[in-house]
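So the structure is just underneath, and the comments pick up after that.
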Amino acid sequence: MAPVILDTPDSLKQYLGKEIGASEWFTVTQERIAQFAEATEDRQWIHLDRERAERESPYGTTIAHGFLTLSLISRFMKDVIQVRRGTGMTVNYGLNRVRFPAPVRAGSKIRARITLLNVTEVPGAYESIFSVAVESEGGEKPCCVAELIVRYYV
């Protein structure tokens, strides 16, 4: 699915309370999980030791770090929505809530569904709050749900 392209941050208002779309599927490889483990120094066996995870983990294999899944939201946002004009810079301003209801198993495909919850004009910017639900292909519940705050500076 092609991203929604908006002319200005003010154009976001037309999506208030609506799902904007879903990103493309993205495969979370064991290699990416290992790279994230090195970058964050979180080398817990449940992420890196496939044989042990198969024996001892309730998931039957290694799983991605929750924060790896969370960090991919910026990528998913670009798949779904882009404001191309009328903004000097776009900043990830933070998060209101984050939960990891289900694991992301190594080798699985994930994508995000993006809904616009709120748009507020603040000095020099539009502050937008998006609901993001990251789902795993074939999964029963989302693997990450978050409220992402993005500021579009004008």
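By order in the structure tokens, chains are A, B, ...; within a chain, residues start at 1; ligands start at 1, following the order shown.
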
Considering only C-alpha atoms, tabulate each residue of region 41-123 of chain A that lies at most 7 Å from region 131-136 of chain A along with its nearest interatomic pair and the corresponding distance in Å to one decimal; arrange the rows by chain and ascending residue number and present them as a Markdown table.
```
| residue | atom | partner | partner_atom | distance |
| --- | --- | --- | --- | --- |
| A:Val104 | CA | A:Ser136 | CA | 6.8 |
| A:Ser108 | CA | A:Ser136 | CA | 6.8 |
| A:Lys109 | CA | A:Ser136 | CA | 5.7 |
| A:Ile110 | CA | A:Ser136 | CA | 4.4 |
| A:Arg111 | CA | A:Val134 | CA | 5.5 |
| A:Ala112 | CA | A:Val134 | CA | 4.2 |
| A:Arg113 | CA | A:Ala133 | CA | 5.2 |
| A:Ile114 | CA | A:Val132 | CA | 4.9 |
| A:Thr115 | CA | A:Ser131 | CA | 5.0 |
| A:Leu116 | CA | A:Ser131 | CA | 6.2 |
| A:Leu117 | CA | A:Ser131 | CA | 6.4 |
```

| request: Could you tell me, as a ChimeraX atom specification, which residues of region 13-115 of chain A DSSP assigns to strand (DSSP E or B) when given the backbone? | output: /A:16,19-22,26-27,63,81-83,89-99,105,109-115

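Proximity to Leu12 (chain A) was assessed for A:Gln44, A:Gln82, A:Thr90, A:Ser71 counting only C-alpha atoms; the smallest distance is recorded for A:Gln82.
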
| message | Could you list, as a ChimeraX atom specification, every residue within 12 Å of Thr29 (chain A), counting only C-alpha atoms and ignoring same-chain residues fewer than 5 positions away? | response | /A:34-36,47-48,62-65,68-69,104-110

| Best match for closeness to Met77 (chain A) among A:Val154, A:Ile20, A:Cys144, A:Leu95, counting only C-alpha atoms | A:Ile20

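Distances from A:Glu38, A:Glu147, A:Asp79, A:Glu127 to Arg97 (chain A) were compared using only C-alpha atoms, and the smallest one belongs to A:Glu147.
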
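Between CA of Ala102 (chain A) and CA of Gly17 (chain A) the interatomic distance comes to 25.1 Å.
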
| message | Under the rule that only C-alpha atoms are counted, which of A:Gln30, A:Arg43, A:Val145, A:Pro103 is the nearest residue to Tyr59 (chain A)? | response | A:Pro103

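CA of Thr87 (chain A) to CA of Ala146 (chain A) spans 24.2 Å [interatomic distance, one decimal].
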
| request: Rank A:Met1, A:Ala39, A:Val28, A:Ile46 by their smallest atom-to-atom distance to Thr61 (chain A), using only C-alpha atoms, and report the top residue only. | output: A:Ile46

| For CA of Leu6 (chain A) and CA of Val83 (chain A), the interatomic separation in Å (one decimal) | 4.7 Å
